[in-house]
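Enquirer: Take a look at the following structure, please.
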Amino acid sequence: MEAGEAKKRIEQLRAAIERHDYLYYILDAPEISDAEYDALMKELSALEAAYPQFVTVDSPTQRVGGAPAEAFRTVAHPLPLLSLNNAYDTDELIEFDRRLKKQAAPEPLIFVGYVGEQKIDGLTVALLYQDGVLVRGATRGDGLRGEDVTANIRTIRSIPLRLQKRVPGRVLVRGEVFMTKDSFQELNRERERAGQSLFANPRNAAAGSLRQLDPAVTATRSLDAFFYDLLLWEGAASALPPTHWEAQTLLREWGLKVNPYSRLCSSIKEVVDYCREWEEKRSTLPWEIDGVVVKVNSLAFQERMGATAKAPRAKIAYKFSPEEAFTRVREILVNVGRTGVLTPLAILEPVRVAGSTVGRATLHNEDYIREKDIRTGDVVVIRKAGEIIPEVVRVVPERRTGAEKPFTMPAVCPACGAAVYREPGEAAVRCLGASCPAQQKERIIHFAAKNAMDIEGVGPAVVNLLVEKGLIKDAAGLYDLTAGDLAGLERFGAKSAENLLAAVERSKENPPERLLFALGIRHVGEEMARRLVGYFRDLDRIFTATKEELMAVPEIGEAIAESIRRYMEEAQNREFLEKLRRAGLKFKAEERKATAEPLSGKTFVLTGALAAFTREEAEEVLRGLGARVTSSVSKKTDYVVAGESPGSKYQKAVDLGVTVLTEDEFLRLLTDLRQRKESQTKGGIYDEAGEGGSQAPGGAGPFRAQ
Ligand code: IVH
């Protein structure tokens with residue numbers, strides 16, 4: 001390529017890359033893929049390597065360059081970078097407004113409102129652009145002199161090395177370099193993996209990253225920046241706009257990143273609203289803010305008000321109340337949630353934190369209290385971020401007096417006195433009471449639900465009404481309801497009352513498996529309820545069965561069996577069941593129909609190759625006869641069918657004493673059963689093999705003994 005042509009292409013590529021940087025880093029609206037972008041960069045690097053005479057400092061290839069510095073150079077700022085006065089509540093903002101209006105009094109027209117801006121929790125930088133090219137970036141330092149961090153600033157991708165418009169003369173802009181919360185977390189995760197010390201917060205991480213002596217390190221740190229003040233514009237065509245709002249528009253047009261949430265406010269009331277809004281929503285932002293900066297919009301007025309040695313008079317920082325505060329734990333109470341979980345709750349000496357007064361904090365569960373060693377009487381640090389319920393961050397043990405009392409979880413439910421239980425491996429402690437007032441609504445809603453007792457018209461709103469009016473205390477109460485009870489209720493016409501009572505009445509006919517599921521015993525879902533009733537046929541037999549008897553049912557493990565036993569140990573629950581029995585609900589399953597399948601209740605495992613069937617065919621035949629086919633052998637397996645070269649399942653069956661059938665025996669069993677089934681359909685009634693089919697199918701056969 002000829003030099004002139006190369007120069008032209010280099011310029012084209014730079015313009016394209018700058019545009020895509022702007023779209024990606026500033027507008028967050030990329031138009032090309034990462035691969036396409038990389039291709040442009042690669043082409044530019046190659047051309048610059050071939051034609052080094054065309055390399056310039058503002059080329060996008062030159063973001064990371066130069067060797068690590070020994071120390072940062074100190075530079076004098078062209079004009080002092082002042083600080084801000086603070087307002088700690090909205091009254092102080094109103095006072096600020098009153099003061100300014102008084103000063104403005106002789107020329108009130110000059111006053112044209114305020115701009116509210118998020119106060120980014122990062123670190124100030126001042127950038128100097130000469131004829132549109134970034135020539136220096138400095139930290140604030142003492143306000144008069146800062147550190148020259150140009151090499152590091154250049155690595156921040158949202159900072160343009162060249163302004164978008166050709167801006168003649170010298171421009172000084174002030175902004176804030178920060179790290180997003182996500183990048184901060186990611187950086188700390190990496191540092192943890194590498195065994196390095198962690199940054200305490202995004203602000204420290206941003207400061208630490210910008211003050212790296214090696215810009216190559218800064219380049220890896222995902223820094224970002226917002227610019228808010230145009231401090232200086234010297235040059236032939238320079239024309240400072242009349243307002244701060246317009247100055248920000250100008251910065252945006254030049255390609256600098258300006259916070260999109262700034263707001264033009266025509267009165268201090270609007271400013272106060274803006275402050276309150278962001279105090280509440282701060283946790284939803286990707287970056288941290290610690291307040292709002294309020295600036296008089298008119299730059300002429302700002303100028304006229306001047307500054308003290310420390311801060312301008314026409315700007316003020318409204319500081320958010322901290323998200324953390326110290327207070328004392330007065331008491332630890334236990335709350336019972338609607339699902340029966342007991343949650344400890346700290347009652348605190350009221351304290352202001354993050355814009356509101358806090359008097360209680362969740363303590364989650366007993367493990368949380370133990371880990372943090374929180375005791376009644378302790379001084380604690382609490383934290384309220386956004387709308388989240390306040391939390392106890394830590395105890396201050398140095399402030400203990402010795403009178404603090406450790407917490408123990410109550411052994412019975414504070415709402416109903418029933419026993420409580422903590423499942424192994426879970427943090428939650430639950431109340432076991434079926435009639436517990438804290439859980440009553442939730443339990444009744446579950447009882448009446450479509451897949452449980454299916455009582456039409458008894459949904460959350462109606463349950464709420466019935467409970468609130470004191471008409472029912474638990475699901476059994478539904479069966480005592482009368483037309484008279486419902487007559488007085490608002491939004492309950494005669495027809496809907498009649499329908500509801502009819503639906504309640506109809507539900508008495510539900511089979512016991514529905515009732516068992518409706519009780520809401522932990523771990524007893526629809527499928528397990530069906531299995532249990534299929535096996536025992538009678539709820540009373542389930543309720544009186546021992547844990548071992550319950551576990552004899554296929555698929556019923558220890559957790560379910562124990563849960564049923566625990567439920568029955570609670571007197572309150574036994575009373576509840578008696579009420580349901582008296583109401584006439586069905587506890588016994590209907591007699592089995594003659595159509596019961598000959599192998600129902602039997603579990604088979606297949607191993608090795610069969611000559612007469614594929615594995616799938618054999619499984620299908622067995623299932624057709626009502627058997628269950630599983631893949632592993634256990635004590636609950638009734639038969640193992642062993643074909644050619646059986647696997648380890650065969651040995652397991654022998655070890656466990658499970659009946660093993662050869663293929664021949666298996667075929668004889670099938671023939672036998674088929675014959676029985678045929679004779680049965682011809683008129684005879686199949687003689688079912690005991691209740692729940694717990695004996696071997698058919699009579700004595702060769703397949704029985706092994
Ligand atoms: S204006 C004359 N605007 O807050 C001071 N400052 O506490 C002009 N800050 O040092 C500063 N966001 O580092 C201004 N939108 C914003 C800001 C902001 C963050 C920082 C800045 C300043 C500190 C003052």
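Letters A, B, ... mark the chains of the structure tokens in the order given; residue numbers begin at 1 per chain; ligand numbers begin at 1, in order shown.
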Report as a list in words which protein, DNA and RNA residues come within 6 Å of ligand 1, using only C-alpha atoms and all ligand atoms.
Expert: Leu82, Ser83, Leu84, Glu117, Gln118, Lys119, Ile120, Asp121, Leu123, Thr124, Glu176, Tyr228, Val293, Ala311 and Pro312 of chain A
Enquirer: Put those residues in a file: C-alpha atoms, as a PDB file, in the first residue's frame.
Expert:
ATOM      1  CA  LEU A  82     -12.973  22.897  45.134  1.00  0.00           C
ATOM      2  CA  SER A  83     -14.971  20.676  47.414  1.00  0.00           C
ATOM      3  CA  LEU A  84     -18.665  20.902  48.422  1.00  0.00           C
ATOM      4  CA  GLU A 117     -27.181  15.059  39.953  1.00  0.00           C
ATOM      5  CA  GLN A 118     -26.247  11.777  41.508  1.00  0.00           C
ATOM      6  CA  LYS A 119     -23.200  12.093  43.724  1.00  0.00           C
ATOM      7  CA  ILE A 120     -21.070   9.245  42.434  1.00  0.00           C
ATOM      8  CA  ASP A 121     -18.985   7.493  45.073  1.00  0.00           C
ATOM      9  CA  LEU A 123     -12.772   9.731  42.807  1.00  0.00           C
ATOM     10  CA  THR A 124     -12.486  13.106  41.113  1.00  0.00           C
ATOM     11  CA  GLU A 176     -15.732  10.999  38.668  1.00  0.00           C
ATOM     12  CA  TYR A 228     -20.308  16.710  35.150  1.00  0.00           C
ATOM     13  CA  VAL A 293     -25.264  17.236  44.193  1.00  0.00           C
ATOM     14  CA  ALA A 311     -16.561  25.268  48.294  1.00  0.00           C
ATOM     15  CA  PRO A 312     -18.729  27.148  45.822  1.00  0.00           C
TER      16      PRO A 312
END
Enquirer: Contacts of A:Glu70 at 12 Å or less, counting only C-alpha atoms, minus same-chain residues fewer than 4 places along, as a VMD selection string?
Expert: chain A and resid 211 to 215
Enquirer: Let's have the selection written as a tab-separated table (two decimals), in the first residue's frame, with N, CA and C atoms.
Expert:
chain	number	residue	atom	x	y	z
A	211	ARG	N	-4.61	4.42	40.71
A	211	ARG	CA	-3.30	4.83	41.21
A	211	ARG	C	-2.25	3.73	41.07
A	212	GLN	N	-2.45	2.88	40.08
A	212	GLN	CA	-1.45	1.85	39.76
A	212	GLN	C	-0.31	2.50	38.98
A	213	LEU	N	0.91	2.14	39.34
A	213	LEU	CA	2.03	2.72	38.60
A	213	LEU	C	2.16	2.09	37.21
A	214	ASP	N	1.64	0.88	37.06
A	214	ASP	CA	1.70	0.23	35.75
A	214	ASP	C	0.34	0.33	35.06
A	215	PRO	N	0.25	1.14	34.01
A	215	PRO	CA	-1.04	1.33	33.33
A	215	PRO	C	-1.62	0.01	32.79
Enquirer: Residues near A:Leu27, anyone? I mean within 10 Å using only C-alpha atoms, not counting same-chain ones fewer than 2 positions away, as a VMD selection string.
Expert: chain A and resid 20 to 25 29 to 30 158 255 257 260
Enquirer: Taking 2 positions as the minimum chain separation for residues in the same chain, which residues sit within 6 Å of A:Ala452 when counting only C-alpha atoms? Answer as a list of chain:residue names.
Expert: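 The residues that qualify are A:Phe447, A:Ala449, A:Lys450, A:Asp454, A:Arg514, A:Ala518.
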Enquirer: Keeping only C-alpha atoms, take the residues you just selected and write them out as a CSV table (one decimal), in the first residue's frame.
Expert:
chain,number,residue,atom,x,y,z
A,447,PHE,CA,-56.9,-28.1,51.9
A,449,ALA,CA,-57.3,-26.4,46.5
A,450,LYS,CA,-58.2,-28.1,43.2
A,454,ASP,CA,-61.2,-29.3,45.4
A,514,ARG,CA,-57.1,-36.5,48.4
A,518,ALA,CA,-55.0,-32.0,51.8
Enquirer: Report as a tab-separated table: every residue of stretch 340-446 of chain A with an atom at most 9 Å from stretch 455-460 of chain A, its closest pair of atoms, and their distance in Å to one decimal, counting only C-alpha atoms, with rows sorted by chain and ascending residue number.
Expert:
residue	atom	partner	partner_atom	distance
A:Lys441	CA	A:Pro460	CA	7.7
A:Glu442	CA	A:Pro460	CA	8.1
A:Ile444	CA	A:Val458	CA	8.7
A:Ile445	CA	A:Pro460	CA	6.0
A:His446	CA	A:Gly459	CA	8.9
Enquirer: I want to know what sits within 10 Å of A:Pro414, based on only C-alpha atoms, with residues of the same chain fewer than 6 positions away left out; could you give that as number ranges by chain?
Expert: A: 333-336, 342, 420, 431, 436, 438
Enquirer: Could you give me, as a list in words, the residues within 9 Å of A:Ser222, counting only C-alpha atoms and dropping anything in the same chain fewer than 2 positions from it?
Expert: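 Those residues are Ile156, Arg157, Met179, Thr180, Ser183, Phe184, Leu187, Ala206, Thr218, Ala219, Thr220 and Asp224 of chain A.
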Enquirer: Using all heavy atoms, can you export the residues from the last selection as a PDB file, in the first residue's frame?
Expert:
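So the final result, stored in out_13.pdb, reads:
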ATOM      1  N   ILE A 156      -9.066   3.862  30.267  1.00  0.00           N
ATOM      2  CA  ILE A 156     -10.508   3.757  30.554  1.00  0.00           C
ATOM      3  C   ILE A 156     -11.286   3.933  29.248  1.00  0.00           C
ATOM      4  O   ILE A 156     -11.246   5.000  28.635  1.00  0.00           O
ATOM      5  CB  ILE A 156     -10.939   4.803  31.616  1.00  0.00           C
ATOM      6  CG1 ILE A 156     -10.102   4.594  32.895  1.00  0.00           C
ATOM      7  CG2 ILE A 156     -12.435   4.705  31.896  1.00  0.00           C
ATOM      8  CD1 ILE A 156     -10.352   5.626  33.972  1.00  0.00           C
ATOM      9  N   ARG A 157     -11.953   2.874  28.837  1.00  0.00           N
ATOM     10  CA  ARG A 157     -12.515   2.860  27.491  1.00  0.00           C
ATOM     11  C   ARG A 157     -13.640   3.847  27.280  1.00  0.00           C
ATOM     12  O   ARG A 157     -13.932   4.230  26.150  1.00  0.00           O
ATOM     13  CB  ARG A 157     -12.991   1.445  27.146  1.00  0.00           C
ATOM     14  CG  ARG A 157     -11.941   0.368  27.355  1.00  0.00           C
ATOM     15  CD  ARG A 157     -10.712   0.615  26.489  1.00  0.00           C
ATOM     16  NE  ARG A 157     -11.014   0.448  25.098  1.00  0.00           N
ATOM     17  CZ  ARG A 157     -10.806  -0.656  24.401  1.00  0.00           C
ATOM     18  NH1 ARG A 157     -10.246  -1.684  24.994  1.00  0.00           N
ATOM     19  NH2 ARG A 157     -11.129  -0.728  23.125  1.00  0.00           N
ATOM     20  N   MET A 179     -16.050   2.377  39.810  1.00  0.00           N
ATOM     21  CA  MET A 179     -16.136   0.986  39.378  1.00  0.00           C
ATOM     22  C   MET A 179     -17.570   0.537  39.658  1.00  0.00           C
ATOM     23  O   MET A 179     -18.109   0.858  40.723  1.00  0.00           O
ATOM     24  CB  MET A 179     -15.147   0.123  40.169  1.00  0.00           C
ATOM     25  CG  MET A 179     -14.990  -1.277  39.596  1.00  0.00           C
ATOM     26  SD  MET A 179     -13.766  -2.255  40.505  1.00  0.00           S
ATOM     27  CE  MET A 179     -12.250  -1.645  39.818  1.00  0.00           C
ATOM     28  N   THR A 180     -18.187  -0.174  38.728  1.00  0.00           N
ATOM     29  CA  THR A 180     -19.565  -0.630  38.985  1.00  0.00           C
ATOM     30  C   THR A 180     -19.535  -1.709  40.074  1.00  0.00           C
ATOM     31  O   THR A 180     -18.498  -2.331  40.321  1.00  0.00           O
ATOM     32  CB  THR A 180     -20.222  -1.245  37.725  1.00  0.00           C
ATOM     33  OG1 THR A 180     -19.446  -2.380  37.355  1.00  0.00           O
ATOM     34  CG2 THR A 180     -20.320  -0.263  36.583  1.00  0.00           C
ATOM     35  N   SER A 183     -18.439  -5.063  38.590  1.00  0.00           N
ATOM     36  CA  SER A 183     -17.006  -5.192  38.320  1.00  0.00           C
ATOM     37  C   SER A 183     -16.233  -5.341  39.622  1.00  0.00           C
ATOM     38  O   SER A 183     -15.245  -6.089  39.694  1.00  0.00           O
ATOM     39  CB  SER A 183     -16.479  -3.974  37.569  1.00  0.00           C
ATOM     40  OG  SER A 183     -17.138  -3.846  36.346  1.00  0.00           O
ATOM     41  N   PHE A 184     -16.690  -4.621  40.648  1.00  0.00           N
ATOM     42  CA  PHE A 184     -16.047  -4.703  41.970  1.00  0.00           C
ATOM     43  C   PHE A 184     -16.128  -6.133  42.517  1.00  0.00           C
ATOM     44  O   PHE A 184     -15.122  -6.693  42.979  1.00  0.00           O
ATOM     45  CB  PHE A 184     -16.731  -3.701  42.904  1.00  0.00           C
ATOM     46  CG  PHE A 184     -16.505  -3.964  44.367  1.00  0.00           C
ATOM     47  CD1 PHE A 184     -15.257  -3.765  44.939  1.00  0.00           C
ATOM     48  CD2 PHE A 184     -17.545  -4.414  45.171  1.00  0.00           C
ATOM     49  CE1 PHE A 184     -15.055  -4.022  46.295  1.00  0.00           C
ATOM     50  CE2 PHE A 184     -17.353  -4.665  46.514  1.00  0.00           C
ATOM     51  CZ  PHE A 184     -16.102  -4.474  47.079  1.00  0.00           C
ATOM     52  N   LEU A 187     -13.867  -8.389  40.505  1.00  0.00           N
ATOM     53  CA  LEU A 187     -12.458  -8.157  40.828  1.00  0.00           C
ATOM     54  C   LEU A 187     -12.105  -8.826  42.162  1.00  0.00           C
ATOM     55  O   LEU A 187     -11.080  -9.506  42.283  1.00  0.00           O
ATOM     56  CB  LEU A 187     -12.185  -6.646  40.895  1.00  0.00           C
ATOM     57  CG  LEU A 187     -10.795  -6.223  41.360  1.00  0.00           C
ATOM     58  CD1 LEU A 187      -9.723  -6.742  40.417  1.00  0.00           C
ATOM     59  CD2 LEU A 187     -10.688  -4.697  41.459  1.00  0.00           C
ATOM     60  N   ALA A 206     -11.709   1.460  42.857  1.00  0.00           N
ATOM     61  CA  ALA A 206     -11.476   2.408  41.761  1.00  0.00           C
ATOM     62  C   ALA A 206     -10.225   3.221  42.041  1.00  0.00           C
ATOM     63  O   ALA A 206      -9.362   3.394  41.166  1.00  0.00           O
ATOM     64  CB  ALA A 206     -12.691   3.328  41.592  1.00  0.00           C
ATOM     65  N   THR A 218      -3.982  -1.145  35.361  1.00  0.00           N
ATOM     66  CA  THR A 218      -5.217  -0.350  35.336  1.00  0.00           C
ATOM     67  C   THR A 218      -6.115  -0.808  34.185  1.00  0.00           C
ATOM     68  O   THR A 218      -7.334  -0.900  34.335  1.00  0.00           O
ATOM     69  CB  THR A 218      -4.880   1.151  35.176  1.00  0.00           C
ATOM     70  OG1 THR A 218      -3.903   1.483  36.146  1.00  0.00           O
ATOM     71  CG2 THR A 218      -6.110   2.016  35.365  1.00  0.00           C
ATOM     72  N   ALA A 219      -5.481  -1.100  33.057  1.00  0.00           N
ATOM     73  CA  ALA A 219      -6.254  -1.488  31.868  1.00  0.00           C
ATOM     74  C   ALA A 219      -7.107  -2.728  32.115  1.00  0.00           C
ATOM     75  O   ALA A 219      -8.134  -2.921  31.474  1.00  0.00           O
ATOM     76  CB  ALA A 219      -5.310  -1.732  30.694  1.00  0.00           C
ATOM     77  N   THR A 220      -6.703  -3.574  33.074  1.00  0.00           N
ATOM     78  CA  THR A 220      -7.474  -4.804  33.329  1.00  0.00           C
ATOM     79  C   THR A 220      -8.627  -4.554  34.303  1.00  0.00           C
ATOM     80  O   THR A 220      -9.387  -5.461  34.616  1.00  0.00           O
ATOM     81  CB  THR A 220      -6.586  -5.906  33.959  1.00  0.00           C
ATOM     82  OG1 THR A 220      -6.157  -5.446  35.254  1.00  0.00           O
ATOM     83  CG2 THR A 220      -5.372  -6.224  33.103  1.00  0.00           C
ATOM     84  N   ASP A 224     -14.782   3.079  34.964  1.00  0.00           N
ATOM     85  CA  ASP A 224     -15.729   3.844  34.160  1.00  0.00           C
ATOM     86  C   ASP A 224     -15.696   5.287  34.677  1.00  0.00           C
ATOM     87  O   ASP A 224     -15.079   5.548  35.713  1.00  0.00           O
ATOM     88  CB  ASP A 224     -17.128   3.226  34.313  1.00  0.00           C
ATOM     89  CG  ASP A 224     -18.004   3.490  33.090  1.00  0.00           C
ATOM     90  OD1 ASP A 224     -17.715   4.461  32.360  1.00  0.00           O
ATOM     91  OD2 ASP A 224     -18.970   2.746  32.887  1.00  0.00           O
TER      92      ASP A 224
END
Enquirer: Where in stretch 302-546 of chain A does DSSP assign strand (DSSP E or B), given as a ChimeraX atom specification?
Expert: /A:307,312,315-319,324-336,341-353,356-362,376,379-383,391-395,405,412,419-422,429-431,538
Enquirer: Contacts of A:Leu299 at 9 Å or less, counting only C-alpha atoms, minus same-chain residues fewer than 4 places along, as a PyMOL selection string?
Expert: chain A and resi 240-244+303-304
Enquirer: Here is a test: counting only C-alpha atoms, which residue of A:Pro554, A:Gly65, A:Pro52, A:Gly4 is nearest to A:Lys635?
Expert: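 Checking each candidate against A:Lys635, we get A:Pro554 as the closest.
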Enquirer: Mind pulling up the distance from atom CA of A:Leu93 to atom CA of A:Leu251?
Expert: 27.2 Å
Enquirer: Per DSSP on the backbone, what are the alpha helix (DSSP H) residues of stretch 288-375 of chain A, as a PyMOL selection string?
Expert: chain A and resi 299-305+366-372
Enquirer: Which of these, A:Asp290, A:Glu404, A:Glu562, A:Glu509, has the shortest distance to A:Glu423 once you count only C-alpha atoms?
Expert: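 Nearest to A:Glu423: A:Glu562.
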Enquirer: Counting only C-alpha atoms, which of A:Arg430, A:Arg615, A:Lys602, A:Lys384 gets nearest to A:Tyr535?
Expert: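 Using only C-alpha atoms, A:Tyr535 sits closest to A:Lys602.
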Enquirer: Can you tell me how far atom CA of A:Ile347 sits from atom CA of A:Glu391, in Å to one decimal?
Expert: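 These two atoms are separated by 11.5 Å.
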Enquirer: With only C-alpha atoms as the basis for distance, which of A:Lys295, A:Lys469, A:Lys310, A:Arg9 is at the shortest distance from A:Pro80?
Expert: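 With only C-alpha atoms as the atom set, the closest residue is A:Lys310.
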Enquirer: Choose the residue, out of A:Asp538, A:Asp378, A:Glu270, A:Asp373, that has the smallest atom-to-atom separation from A:Thr408; count only C-alpha atoms.
Expert: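 Looking at the shortest contact to A:Thr408, the residue is A:Asp373.
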